[in-house]
$ cat start33.txt   # compact mmCIF, C-alpha atoms and all ligand atoms
# COMPACT_ATOMS: atom_id res chain seq x y z
CA MET G 1 -5.25 -19.07 -22.43
CA THR G 2 -8.35 -18.00 -24.40
CA GLN G 3 -10.41 -18.66 -21.28
CA ALA G 4 -8.04 -16.49 -19.20
CA LEU G 5 -8.36 -13.65 -21.69
CA ASP G 6 -12.16 -14.00 -21.81
CA SER G 7 -12.36 -13.56 -18.05
CA GLU G 8 -10.36 -10.34 -18.41
CA THR G 9 -12.78 -8.69 -20.85
CA ASP G 10 -14.81 -6.80 -18.27
CA LEU G 11 -11.63 -5.70 -16.48
CA LEU G 12 -10.46 -4.10 -19.73
CA GLU G 13 -13.92 -2.57 -20.27
CA ARG G 14 -13.16 -0.42 -17.22
CA ARG G 15 -10.58 1.44 -19.33
CA ARG G 16 -13.36 3.78 -20.44
CA GLU G 17 -13.69 5.01 -16.85
CA PHE G 18 -10.03 6.17 -16.72
CA PRO G 19 -9.48 9.12 -19.11
CA THR G 20 -5.70 9.16 -18.64
CA LEU G 21 -5.43 5.77 -20.37
CA SER G 22 -6.23 7.30 -23.75
CA LYS G 23 -3.44 9.86 -23.31
CA LYS G 24 -0.57 7.78 -21.88
CA VAL G 25 0.60 4.20 -21.52
CA HIS G 26 -0.01 3.88 -17.81
CA LEU G 27 2.40 1.30 -16.33
CA ILE G 28 2.94 3.01 -12.99
CA SER G 29 0.18 1.81 -10.68
CA HIS G 30 2.85 0.85 -8.08
CA SER G 31 3.40 4.61 -7.68
CA LEU G 32 0.29 6.42 -8.94
CA GLY G 33 -2.86 4.59 -9.99
CA ALA G 34 -4.80 6.03 -12.95
CA MET G 35 -7.48 8.58 -12.05
CA PRO G 36 -11.08 7.38 -12.44
CA ARG G 37 -13.37 9.88 -14.16
CA ALA G 38 -15.79 9.45 -11.24
CA ALA G 39 -13.22 11.09 -8.94
CA TYR G 40 -14.06 14.43 -10.63
CA ASP G 41 -17.76 13.91 -9.81
CA ALA G 42 -17.00 12.95 -6.22
CA LEU G 43 -14.85 16.06 -5.71
CA ARG G 44 -17.60 18.20 -7.22
CA GLU G 45 -20.10 16.63 -4.81
CA TYR G 46 -17.76 17.48 -1.92
CA GLY G 47 -17.53 21.11 -3.09
CA ASP G 48 -21.28 21.42 -3.68
CA LEU G 49 -21.99 20.17 -0.15
CA TRP G 50 -19.61 22.72 1.30
CA VAL G 51 -21.27 25.54 -0.67
CA ASP G 52 -24.88 24.47 -0.26
CA ARG G 53 -24.95 23.14 3.27
CA SER G 54 -22.14 24.99 5.03
CA ILE G 55 -21.48 23.54 8.50
CA GLU G 56 -24.27 21.00 7.94
CA ALA G 57 -22.02 19.35 5.32
CA TRP G 58 -20.36 17.48 8.19
CA ARG G 59 -23.50 15.35 8.42
CA ASP G 60 -22.39 13.79 5.11
CA TRP G 61 -18.66 14.25 5.51
CA LEU G 62 -18.07 12.58 8.84
CA PRO G 63 -19.79 9.24 8.09
CA LEU G 64 -17.51 8.97 5.04
CA VAL G 65 -14.58 8.24 7.36
CA THR G 66 -16.02 4.96 8.65
CA ALA G 67 -17.66 4.16 5.30
CA SER G 68 -14.24 4.42 3.57
CA ALA G 69 -12.57 2.40 6.32
CA ASP G 70 -15.20 -0.32 6.13
CA GLU G 71 -14.86 -0.53 2.34
CA ILE G 72 -11.11 -1.05 2.75
CA GLY G 73 -12.00 -3.65 5.37
CA ARG G 74 -14.00 -5.56 2.76
CA ILE G 75 -10.99 -5.55 0.40
CA ILE G 76 -8.55 -6.87 3.03
CA GLY G 77 -10.89 -9.18 4.97
CA ALA G 78 -11.07 -7.00 8.09
CA PRO G 79 -14.17 -7.01 10.33
CA ALA G 80 -16.22 -3.77 10.44
CA GLY G 81 -14.94 -1.28 13.01
CA THR G 82 -11.30 -2.44 12.87
CA VAL G 83 -10.03 -0.07 10.15
CA MET G 84 -9.40 3.68 10.39
CA MET G 85 -8.34 6.33 7.85
CA HIS G 86 -5.44 8.78 8.02
CA GLN G 87 -3.37 10.81 5.63
CA ASN G 88 -0.44 8.50 4.85
CA VAL G 89 1.42 5.38 5.94
CA SER G 90 4.19 7.33 7.67
CA ALA G 91 1.58 8.97 9.91
CA TRP G 92 0.18 5.53 10.65
CA MET G 93 3.61 4.23 11.66
CA GLY G 94 3.93 7.23 14.01
CA ILE G 95 0.53 6.48 15.54
CA ILE G 96 1.42 2.80 16.04
CA ALA G 97 4.80 3.73 17.54
CA SER G 98 3.00 6.13 19.89
CA CYS G 99 1.19 3.12 21.40
CA LEU G 100 4.51 1.55 22.45
CA ASP G 101 6.82 2.12 25.40
CA PHE G 102 10.36 1.20 24.52
CA THR G 103 12.01 -0.30 27.59
CA PRO G 104 15.53 -1.80 27.65
CA ARG G 105 13.90 -5.25 27.83
CA ARG G 106 11.58 -4.58 24.82
CA ASP G 107 13.23 -2.03 22.62
CA ARG G 108 13.96 -3.72 19.29
CA VAL G 109 12.11 -2.93 16.08
CA VAL G 110 12.96 -5.44 13.34
CA TYR G 111 12.54 -5.05 9.58
CA THR G 112 14.60 -5.36 6.40
CA ASP G 113 16.93 -2.98 4.62
CA LEU G 114 14.58 -3.22 1.62
CA ASN G 115 11.65 -1.54 3.43
CA PHE G 116 10.33 1.82 2.23
CA PRO G 117 12.60 4.57 3.67
CA SER G 118 9.76 6.81 4.91
CA VAL G 119 8.64 4.02 7.23
CA HIS G 120 12.24 3.46 8.32
CA TYR G 121 12.70 7.16 9.15
CA VAL G 122 9.73 7.06 11.54
CA TRP G 123 11.08 4.05 13.48
CA LYS G 124 14.68 5.23 13.36
CA GLU G 125 13.71 8.55 14.97
CA HIS G 126 12.08 6.61 17.79
CA GLU G 127 15.60 5.62 18.83
CA ARG G 128 15.48 9.02 20.61
CA LEU G 129 12.74 7.52 22.80
CA GLY G 130 14.59 4.26 23.46
CA ALA G 131 13.77 2.18 20.37
CA ASN G 132 16.53 0.13 18.81
CA VAL G 133 16.18 -0.53 15.08
CA HIS G 134 17.55 -3.81 13.73
CA LEU G 135 17.77 -4.15 9.93
CA VAL G 136 17.78 -7.62 8.39
CA ARG G 137 20.03 -7.37 5.33
CA SER G 138 19.18 -8.66 1.87
CA ASP G 139 21.95 -10.47 -0.01
CA ASP G 140 20.77 -9.52 -3.50
CA GLY G 141 18.61 -6.38 -3.13
CA ILE G 142 15.60 -8.40 -4.36
CA GLU G 143 14.49 -10.49 -1.39
CA VAL G 144 15.26 -11.40 2.21
CA ASP G 145 15.33 -15.01 3.32
CA THR G 146 12.26 -15.62 5.54
CA GLN G 147 14.22 -17.74 8.02
CA LYS G 148 16.88 -15.03 8.34
CA PHE G 149 14.09 -12.52 9.11
CA ILE G 150 12.55 -14.88 11.69
CA ASP G 151 15.92 -15.57 13.33
CA ALA G 152 16.38 -11.82 13.92
CA ILE G 153 13.26 -11.68 16.14
CA ASP G 154 14.01 -12.25 19.82
CA GLU G 155 12.57 -11.66 23.31
CA ARG G 156 13.71 -8.03 23.21
CA THR G 157 11.70 -7.37 20.03
CA ALA G 158 8.81 -4.96 20.54
CA ALA G 159 7.64 -4.81 16.92
CA VAL G 160 8.32 -6.37 13.52
CA VAL G 161 7.51 -4.36 10.38
CA ILE G 162 6.81 -6.55 7.36
CA GLU G 163 6.53 -4.93 3.93
CA LEU G 164 4.17 -7.43 2.33
CA VAL G 165 5.31 -6.63 -1.23
CA LEU G 166 8.73 -4.99 -1.35
CA PHE G 167 8.68 -1.67 -3.21
CA ARG G 168 12.24 -2.26 -4.47
CA SER G 169 11.59 -5.56 -6.28
CA GLY G 170 7.93 -6.59 -6.03
CA THR G 171 8.83 -9.60 -3.86
CA ILE G 172 5.99 -10.96 -1.71
CA GLN G 173 7.17 -11.66 1.83
CA ASP G 174 5.70 -14.47 3.95
CA ALA G 175 3.90 -12.14 6.37
CA LYS G 176 1.97 -14.96 8.03
CA ALA G 177 5.09 -16.92 8.96
CA ILE G 178 6.95 -13.81 10.14
CA ALA G 179 3.94 -12.61 12.18
CA LYS G 180 3.71 -16.05 13.83
CA ALA G 181 7.38 -15.83 14.79
CA ALA G 182 6.86 -12.30 16.15
CA HIS G 183 3.95 -13.42 18.31
CA ALA G 184 5.95 -16.40 19.60
CA LYS G 185 8.46 -13.90 21.04
CA GLY G 186 5.76 -11.53 22.35
CA ALA G 187 6.30 -8.88 19.63
CA LEU G 188 3.72 -7.02 17.56
CA ALA G 189 3.43 -7.79 13.83
CA ILE G 190 2.90 -4.68 11.70
CA VAL G 191 2.36 -5.05 7.96
CA ASP G 192 2.97 -2.32 5.37
CA ALA G 193 0.77 -3.61 2.57
CA TYR G 194 0.88 -0.49 0.37
CA GLN G 195 2.31 -2.40 -2.60
CA ALA G 196 -0.18 -5.24 -2.19
CA VAL G 197 -3.68 -3.94 -1.46
CA GLY G 198 -5.60 -3.79 -4.74
CA THR G 199 -3.38 -6.23 -6.63
CA VAL G 200 -2.59 -9.11 -4.22
CA PRO G 201 -5.56 -10.68 -2.38
CA MET G 202 -5.32 -10.90 1.38
CA ASP G 203 -7.23 -11.78 4.50
CA VAL G 204 -5.85 -9.96 7.52
CA VAL G 205 -7.59 -12.27 9.96
CA ASP G 206 -6.02 -15.35 8.39
CA MET G 207 -2.66 -13.58 8.17
CA ASP G 208 -3.05 -13.02 11.93
CA VAL G 209 -1.23 -9.70 12.10
CA ASP G 210 -1.74 -6.90 14.62
CA PHE G 211 -1.71 -3.96 12.21
CA LEU G 212 -1.95 -3.69 8.44
CA THR G 213 -1.56 -0.33 6.78
CA GLY G 214 -1.52 1.01 3.23
CA GLY G 215 -2.67 3.93 1.14
CA SER G 216 -4.84 5.17 -1.70
CA VAL G 217 -2.29 6.50 -4.16
CA LYS G 218 -1.18 3.34 -5.96
CA TRP G 219 -3.15 0.18 -6.79
CA LEU G 220 -6.41 1.61 -5.38
CA CYS G 221 -6.39 4.50 -7.91
CA GLY G 222 -7.49 6.98 -5.25
CA GLY G 223 -4.97 9.83 -5.34
CA PRO G 224 -3.14 11.03 -2.22
CA GLY G 225 -4.41 11.42 1.32
CA ALA G 226 -6.54 8.38 2.20
CA ALA G 227 -4.29 5.87 3.97
CA TYR G 228 -5.80 3.23 6.24
CA CYS G 229 -4.85 0.89 9.04
CA TYR G 230 -6.42 -2.31 10.32
CA VAL G 231 -5.92 -3.05 14.01
CA ARG G 232 -6.65 -6.52 15.41
CA ARG G 233 -9.99 -6.33 17.23
CA ASP G 234 -8.84 -7.65 20.62
CA LEU G 235 -5.86 -5.31 20.58
CA ILE G 236 -7.79 -2.07 20.00
CA SER G 237 -8.94 -1.53 23.60
CA LYS G 238 -5.44 -2.28 24.94
CA LEU G 239 -3.71 0.43 22.89
CA GLU G 240 -3.59 4.08 23.91
CA PRO G 241 -1.98 6.11 21.10
CA ARG G 242 -0.16 9.20 22.35
CA LEU G 243 -0.70 10.58 18.85
CA CYS G 244 -4.44 11.15 19.21
CA GLY G 245 -6.96 14.00 18.97
CA TRP G 246 -10.50 15.02 19.73
CA PHE G 247 -12.00 12.43 17.36
CA SER G 248 -10.17 9.70 19.31
CA HIS G 249 -12.33 10.69 22.28
CA GLU G 250 -15.56 8.87 23.08
CA GLU G 251 -17.36 12.22 23.27
CA PRO G 252 -15.46 14.75 21.14
CA PHE G 253 -18.16 17.37 21.60
CA ALA G 254 -17.98 17.19 25.40
CA PHE G 255 -14.77 19.24 25.10
CA GLU G 256 -13.39 17.79 28.33
CA MET G 257 -10.01 18.99 29.59
CA SER G 258 -9.18 15.63 31.17
CA ARG G 259 -7.14 12.79 29.69
CA VAL G 260 -8.62 11.48 26.46
CA ARG G 261 -11.35 8.90 26.99
CA TYR G 262 -10.54 6.67 24.02
CA ARG G 263 -13.26 5.38 21.73
CA ARG G 264 -13.70 1.64 21.96
CA ASP G 265 -13.33 0.90 18.24
CA ALA G 266 -10.63 1.82 15.70
CA GLY G 267 -11.94 5.40 16.00
CA ARG G 268 -9.46 5.87 18.85
CA PHE G 269 -6.77 6.14 16.14
CA MET G 270 -8.60 8.90 14.28
CA GLY G 271 -6.89 11.90 15.88
CA GLY G 272 -7.90 15.35 14.64
CA THR G 273 -10.09 16.56 11.78
CA PRO G 274 -10.09 14.01 8.91
CA SER G 275 -8.99 14.76 5.31
CA ILE G 276 -12.46 14.78 3.78
CA PRO G 277 -11.51 15.79 0.17
CA ALA G 278 -9.14 12.80 -0.03
CA LEU G 279 -11.93 10.47 1.06
CA TYR G 280 -14.13 11.79 -1.75
CA ALA G 281 -11.34 11.62 -4.34
CA SER G 282 -10.40 8.07 -3.39
CA SER G 283 -13.91 6.60 -3.26
CA ALA G 284 -14.26 5.69 -6.96
CA GLY G 285 -10.98 3.77 -7.21
CA ARG G 286 -11.69 1.87 -3.99
CA ARG G 287 -15.16 0.94 -5.22
CA CYS G 288 -13.85 -0.17 -8.62
CA VAL G 289 -11.25 -2.51 -7.07
CA ARG G 290 -13.81 -3.97 -4.67
CA GLU G 291 -16.36 -4.53 -7.46
CA LEU G 292 -13.83 -6.24 -9.74
CA GLY G 293 -12.41 -8.30 -6.88
CA VAL G 294 -8.71 -8.52 -6.10
CA GLU G 295 -8.66 -12.28 -6.90
CA ARG G 296 -9.53 -11.52 -10.53
CA ILE G 297 -7.13 -8.58 -10.70
CA ARG G 298 -4.40 -10.89 -9.40
CA ARG G 299 -5.08 -13.61 -12.01
CA LYS G 300 -4.65 -11.08 -14.81
CA SER G 301 -1.62 -9.56 -13.08
CA ILE G 302 0.15 -12.92 -12.74
CA ARG G 303 -0.41 -13.61 -16.43
CA GLN G 304 0.73 -10.17 -17.60
CA VAL G 305 3.71 -9.83 -15.25
CA GLY G 306 4.79 -13.31 -16.45
CA LYS G 307 4.42 -12.25 -20.08
CA LEU G 308 6.43 -9.11 -19.41
CA ALA G 309 9.19 -11.09 -17.67
CA ALA G 310 9.43 -13.52 -20.59
CA MET G 311 9.56 -10.69 -23.16
CA ALA G 312 12.18 -8.83 -21.09
CA GLU G 313 14.43 -11.87 -20.83
CA GLU G 314 14.11 -12.48 -24.54
CA ALA G 315 15.22 -8.87 -25.09
CA GLY G 316 18.29 -9.46 -22.87
CA LEU G 317 17.14 -7.36 -19.89
CA GLU G 318 17.86 -8.39 -16.30
CA VAL G 319 14.70 -9.05 -14.30
CA ARG G 320 15.30 -7.80 -10.73
CA SER G 321 12.16 -9.42 -9.29
CA PRO G 322 11.66 -13.04 -8.15
CA ARG G 323 11.44 -15.75 -10.83
CA ASP G 324 8.54 -17.54 -9.13
CA PRO G 325 5.26 -15.85 -10.23
CA GLN G 326 3.65 -16.67 -6.86
CA ARG G 327 6.39 -14.69 -5.07
CA ARG G 328 5.94 -11.60 -7.27
CA GLY G 329 3.43 -8.81 -6.64
CA GLY G 330 2.04 -6.65 -9.46
CA MET G 331 5.31 -4.94 -10.37
CA LEU G 332 8.36 -6.07 -12.34
CA CYS G 333 11.82 -4.46 -12.19
CA LEU G 334 13.90 -4.37 -15.38
CA GLU G 335 17.59 -3.49 -15.36
CA PHE G 336 20.09 -2.89 -18.15
CA PRO G 337 23.03 -0.54 -18.74
CA GLY G 338 21.64 2.96 -19.30
CA SER G 339 18.26 2.14 -17.72
CA GLU G 340 18.04 5.51 -15.92
CA PRO G 341 18.28 7.76 -19.04
CA ALA G 342 16.19 5.19 -20.95
CA HIS G 343 13.38 5.61 -18.43
CA GLU G 344 13.48 9.38 -18.96
CA GLU G 345 13.18 8.85 -22.71
CA LEU G 346 10.29 6.42 -22.16
CA LEU G 347 8.48 9.09 -20.11
CA ARG G 348 9.00 11.57 -22.96
CA ARG G 349 7.50 9.03 -25.37
CA GLY G 350 4.37 8.62 -23.21
CA TYR G 351 5.22 5.48 -21.21
CA MET G 352 4.46 6.19 -17.55
CA LEU G 353 6.87 4.21 -15.33
CA ASP G 354 9.74 5.00 -12.96
CA TRP G 355 13.34 4.12 -12.12
CA ARG G 356 14.85 3.37 -8.72
CA PRO G 357 18.54 2.83 -7.82
CA GLY G 358 19.26 -0.89 -7.55
CA SER G 359 15.87 -1.80 -9.01
CA GLY G 360 16.06 -0.39 -12.54
CA ILE G 361 12.84 0.46 -14.37
CA ARG G 362 9.70 -0.48 -12.42
CA VAL G 363 6.77 -1.55 -14.60
CA SER G 364 3.24 -2.45 -13.47
CA PRO G 365 0.32 -3.72 -15.47
CA HIS G 366 -3.00 -3.28 -13.63
CA PHE G 367 -6.56 -4.41 -14.42
CA TYR G 368 -6.78 -1.75 -17.17
CA THR G 369 -3.53 -2.65 -18.98
CA THR G 370 -3.65 -4.32 -22.41
CA ASP G 371 -1.11 -6.87 -23.67
CA GLY G 372 -0.52 -4.49 -26.59
CA GLU G 373 0.77 -1.83 -24.20
CA LEU G 374 3.31 -4.26 -22.74
CA GLU G 375 4.47 -5.35 -26.21
CA ALA G 376 4.79 -1.70 -27.27
CA LEU G 377 6.92 -0.95 -24.19
CA LEU G 378 9.36 -3.73 -25.00
CA ASP G 379 9.60 -2.54 -28.64
CA GLU G 380 10.29 0.98 -27.40
CA ILE G 381 13.03 -0.22 -25.01
CA ARG G 382 14.65 -2.17 -27.88
CA LYS G 383 14.58 0.95 -30.09
CA ILE G 384 16.07 3.16 -27.35
CA ARG G 385 18.84 0.64 -26.67
CA ARG G 386 19.76 0.51 -30.35
CA THR G 387 20.28 4.28 -30.56
C1 LIG G 401 5.74 0.00 0.68
C2 LIG G 401 5.49 1.47 0.79
N1 LIG G 401 5.21 1.99 1.99
C3 LIG G 401 4.98 3.31 2.15
C4 LIG G 401 5.00 4.16 1.06
C5 LIG G 401 4.71 5.62 1.22
O1 LIG G 401 4.27 5.99 2.45
P1 LIG G 401 3.50 7.37 2.71
O2 LIG G 401 2.03 7.03 2.60
O3 LIG G 401 3.88 7.74 4.07
O4 LIG G 401 3.92 8.36 1.69
C6 LIG G 401 5.30 3.64 -0.22
C7 LIG G 401 5.37 4.46 -1.44
O5 LIG G 401 5.21 5.60 -1.60
C8 LIG G 401 5.54 2.27 -0.33
O6 LIG G 401 5.83 1.74 -1.53
$ encode --input "start33.txt" --output "structure tokens"
Amino acid sequence: MTQALDSETDLLERRREFPTLSKKVHLISHSLGAMPRAAYDALREYGDLWVDRSIEAWRDWLPLVTASADEIGRIIGAPAGTVMMHQNVSAWMGIIASCLDFTPRRDRVVYTDLNFPSVHYVWKEHERLGANVHLVRSDDGIEVDTQKFIDAIDERTAAVVIELVLFRSGTIQDAKAIAKAAHAKGALAIVDAYQAVGTVPMDVVDMDVDFLTGGSVKWLCGGPGAAYCYVRRDLISKLEPRLCGWFSHEEPFAFEMSRVRYRRDAGRFMGGTPSIPALYASSAGRRCVRELGVERIRRKSIRQVGKLAAMAEEAGLEVRSPRDPQRRGGMLCLEFPGSEPAHEELLRRGYMLDWRPGSGIRVSPHFYTTDGELEALLDEIRKIRRT
């Protein structure tokens, strides 16, 4: 145990780089990662370039799109040139859907009823274009049996959407096994890894998925607006997104009025003008996670989420996340009668966390969280429950 704590020392030293941590107990990295101080500097640099260099600022701004994408690639094990940036995961789902033709023989889109609703809304609205959404139901609101998920995939399935870590419970799904089953039936495997990237290590090539998307707001401490998507290298040239734009074109500055001539790399998914301020704001968090290494973040997370689960059970709270530490992501859900008003009181007392129907209070230690903060949270919950 002492050894484990020793190896966490430099993770905790990073606390100094996150000013919000001295103001609040930040246990909400599954929703909003803490802001690195360096994000201020990056945004100032963005503004200074705009002022000082005017239109010439694009010479610095544009390369940041691929630089950000490649840095994400290093975190998720994706080869250079296979990742692209966009504003959010919902937009990415729309772009992916715009690559598909839903025919009566290949119209099904399969995922679980625990997936994030924004992603569901995108696919559900594609029913107007011939898609046919099939939801695999969870029995307990915490997880979905992998075999049940696999059994729902058939020859009519066009795409399978796997939420790697479920936002409702923190359950890790077996994306590799589900992707293999999708491929066996000729379907695409799309992973929503928003709740995983930055806290659960992954290698997209080994996972053998077709797409993996996520965003900057949560575990990557990047603020809103810098979502990303990996596309399997050999698939890129076969896909022609209807949702495209001039930067998807091989020669955007040729201003041709023909059909788009798609770029050969993941740039074909770029669309219109990129969100440059978000790329600046998100750079520090991304860099911090990559420097620390997600393997090390995960080791600390497993220990602290386990500690939190043990303390919660001792305090008589229901843990609405898997019991097996290997099947849990970085977040733990705690339920008890009165959990919704209790979470509001916790916010008032400076504990940053949230509450979701069916999940209870969602709590997330990250690399910057101390054990003392977790102990203080449990004490506070005990006090609130006694009043
Ligand atoms: C698993 C998951 N997917 C997607 C989202 C959000 O998607 P978007 O980037 O479209 O807001 C969230 C949370 O906000 C999430 O937890």
$ residues_near_ligand --input "start33.txt" --ligand "ligand LIG 401 (chain G)" --cutoff "9 Å" --atoms "all atoms listed in the file" --output "PyMOL selection string"
chain G and resi 30-32+87-93+115-119+163-168+192-196+213-218+224-227
$ residues_around --input "start33.txt" --residues "stretch 269-275 of chain G" --least-positions-apart "3" --cutoff "6 Å" --atoms "all atoms listed in the file" --output "ChimeraX atom specification"
/G:244-248,266,278
$ atom_distance --input "start33.txt" --atom1 "atom CA of G:Leu292" --atom2 "atom CA of G:Cys221"
13.2 Å
$ atom_distance --input "start33.txt" --atom1 "atom CA of G:Val109" --atom2 "atom CA of G:Asp174"
17.9 Å
$ residues_near_point --input "start33.txt" --point "(-12.6, -2.3, 12.8)" --cutoff "9 Å" --atoms "only C-alpha atoms" --output "ChimeraX atom specification"
/G:69-70,73,78-84,230-233,236,265-267
$ residues_near_point --input "start33.txt" --point "(-17.8, 8.2, -12.4)" --cutoff "9 Å" --atoms "all atoms listed in the file" --output "MDAnalysis selection string"
chainID G and resid 17 36:42 284
$ write_last_selection --input "start33.txt" --atoms "C-alpha atoms" --output "PDB file, keeping the file's coordinate frame"
ATOM      1  CA  GLU G  17     -13.690   5.010 -16.850  1.00  0.00           C
ATOM      2  CA  PRO G  36     -11.080   7.380 -12.440  1.00  0.00           C
ATOM      3  CA  ARG G  37     -13.370   9.880 -14.160  1.00  0.00           C
ATOM      4  CA  ALA G  38     -15.790   9.450 -11.240  1.00  0.00           C
ATOM      5  CA  ALA G  39     -13.220  11.090  -8.940  1.00  0.00           C
ATOM      6  CA  TYR G  40     -14.060  14.430 -10.630  1.00  0.00           C
ATOM      7  CA  ASP G  41     -17.760  13.910  -9.810  1.00  0.00           C
ATOM      8  CA  ALA G  42     -17.000  12.950  -6.220  1.00  0.00           C
ATOM      9  CA  ALA G 284     -14.260   5.690  -6.960  1.00  0.00           C
TER      10      ALA G 284
END
$ closest_residue --input "start33.txt" --among "G:Thr9, G:Ile150, G:Ala189, G:Trp61" --to "G:Leu49" --atoms "only C-alpha atoms"
G:Trp61
$ atom_distance --input "start33.txt" --atom1 "atom CA of G:Arg268" --atom2 "atom CA of G:Gly47"
27.9 Å
$ closest_residue --input "start33.txt" --among "G:Ala97, G:Thr369, G:Ala177, G:Ile28" --to "G:Trp355" --atoms "all atoms listed in the file"
G:Ile28
$ residues_around --input "start33.txt" --residues "G:Ile302" --least-positions-apart "2" --cutoff "8 Å" --atoms "only C-alpha atoms" --output "ChimeraX atom specification"
/G:298-300,304-306,325-326,330
$ write_last_selection --input "start33.txt" --atoms "C-alpha atoms" --output "JSON list (two decimals), in the coordinates of the input"
[["chain", "number", "residue", "atom", "x", "y", "z"],
["G", 298, "ARG", "CA", -4.40, -10.89, -9.40],
["G", 299, "ARG", "CA", -5.08, -13.61, -12.01],
["G", 300, "LYS", "CA", -4.65, -11.08, -14.81],
["G", 304, "GLN", "CA", 0.73, -10.17, -17.60],
["G", 305, "VAL", "CA", 3.71, -9.83, -15.25],
["G", 306, "GLY", "CA", 4.79, -13.31, -16.45],
["G", 325, "PRO", "CA", 5.26, -15.85, -10.23],
["G", 326, "GLN", "CA", 3.65, -16.67, -6.86],
["G", 330, "GLY", "CA", 2.04, -6.65, -9.46]]
$ closest_residue --input "start33.txt" --among "G:Ala179, G:Ile297, G:Leu135, G:Ala159" --to "G:Val200" --atoms "all atoms listed in the file"
G:Ile297
$ closest_residue --input "start33.txt" --among "G:Gly33, G:Gly222, G:Gly77, G:Gly358" --to "G:Arg320" --atoms "all atoms listed in the file"
G:Gly358
$ closest_residue --input "start33.txt" --among "G:Cys288, G:Glu256, G:Asp107, G:Ile96" --to "G:Arg128" --atoms "only C-alpha atoms"
G:Asp107
$ axis_aligned_box --input "start33.txt" --around "stretch 36-47 of chain G" --padding-each-side "5 Å" --output "lines of an AutoDock Vina configuration file"
center_x = -15.6
center_y = 14.2
center_z = -8.0
size_x = 19.0
size_y = 23.7
size_z = 22.2
$ closest_residue --input "start33.txt" --among "G:Pro252, G:Cys99, G:Arg286, G:Phe18" --to "G:Arg74" --atoms "all atoms listed in the file"
G:Arg286
$ residues_around --input "start33.txt" --residues "G:Asp113" --least-positions-apart "2" --cutoff "10 Å" --atoms "all atoms listed in the file" --output "PDB file with C-alpha atoms, in the coordinates of the input"
ATOM      1  CA  VAL G 110      12.960  -5.440  13.340  1.00  0.00           C
ATOM      2  CA  TYR G 111      12.540  -5.050   9.580  1.00  0.00           C
ATOM      3  CA  ASN G 115      11.650  -1.540   3.430  1.00  0.00           C
ATOM      4  CA  PHE G 116      10.330   1.820   2.230  1.00  0.00           C
ATOM      5  CA  PRO G 117      12.600   4.570   3.670  1.00  0.00           C
ATOM      6  CA  HIS G 120      12.240   3.460   8.320  1.00  0.00           C
ATOM      7  CA  HIS G 134      17.550  -3.810  13.730  1.00  0.00           C
ATOM      8  CA  LEU G 135      17.770  -4.150   9.930  1.00  0.00           C
ATOM      9  CA  VAL G 136      17.780  -7.620   8.390  1.00  0.00           C
ATOM     10  CA  ARG G 137      20.030  -7.370   5.330  1.00  0.00           C
ATOM     11  CA  SER G 138      19.180  -8.660   1.870  1.00  0.00           C
ATOM     12  CA  GLY G 141      18.610  -6.380  -3.130  1.00  0.00           C
ATOM     13  CA  GLU G 143      14.490 -10.490  -1.390  1.00  0.00           C
ATOM     14  CA  VAL G 144      15.260 -11.400   2.210  1.00  0.00           C
TER      15      VAL G 144
END
$ residues_around --input "start33.txt" --residues "stretch 376-387 of chain G" --least-positions-apart "6" --cutoff "10 Å" --atoms "all atoms listed in the file" --output "PDB file with C-alpha atoms, in the frame of the given file"
ATOM      1  CA  VAL G  25       0.600   4.200 -21.520  1.00  0.00           C
ATOM      2  CA  LEU G  27       2.400   1.300 -16.330  1.00  0.00           C
ATOM      3  CA  LEU G 308       6.430  -9.110 -19.410  1.00  0.00           C
ATOM      4  CA  MET G 311       9.560 -10.690 -23.160  1.00  0.00           C
ATOM      5  CA  ALA G 312      12.180  -8.830 -21.090  1.00  0.00           C
ATOM      6  CA  GLU G 314      14.110 -12.480 -24.540  1.00  0.00           C
ATOM      7  CA  ALA G 315      15.220  -8.870 -25.090  1.00  0.00           C
ATOM      8  CA  GLY G 316      18.290  -9.460 -22.870  1.00  0.00           C
ATOM      9  CA  LEU G 317      17.140  -7.360 -19.890  1.00  0.00           C
ATOM     10  CA  PHE G 336      20.090  -2.890 -18.150  1.00  0.00           C
ATOM     11  CA  PRO G 337      23.030  -0.540 -18.740  1.00  0.00           C
ATOM     12  CA  GLY G 338      21.640   2.960 -19.300  1.00  0.00           C
ATOM     13  CA  SER G 339      18.260   2.140 -17.720  1.00  0.00           C
ATOM     14  CA  PRO G 341      18.280   7.760 -19.040  1.00  0.00           C
ATOM     15  CA  ALA G 342      16.190   5.190 -20.950  1.00  0.00           C
ATOM     16  CA  HIS G 343      13.380   5.610 -18.430  1.00  0.00           C
ATOM     17  CA  GLU G 345      13.180   8.850 -22.710  1.00  0.00           C
ATOM     18  CA  LEU G 346      10.290   6.420 -22.160  1.00  0.00           C
ATOM     19  CA  ARG G 349       7.500   9.030 -25.370  1.00  0.00           C
ATOM     20  CA  GLY G 350       4.370   8.620 -23.210  1.00  0.00           C
ATOM     21  CA  TYR G 351       5.220   5.480 -21.210  1.00  0.00           C
ATOM     22  CA  VAL G 363       6.770  -1.550 -14.600  1.00  0.00           C
TER      23      VAL G 363
END
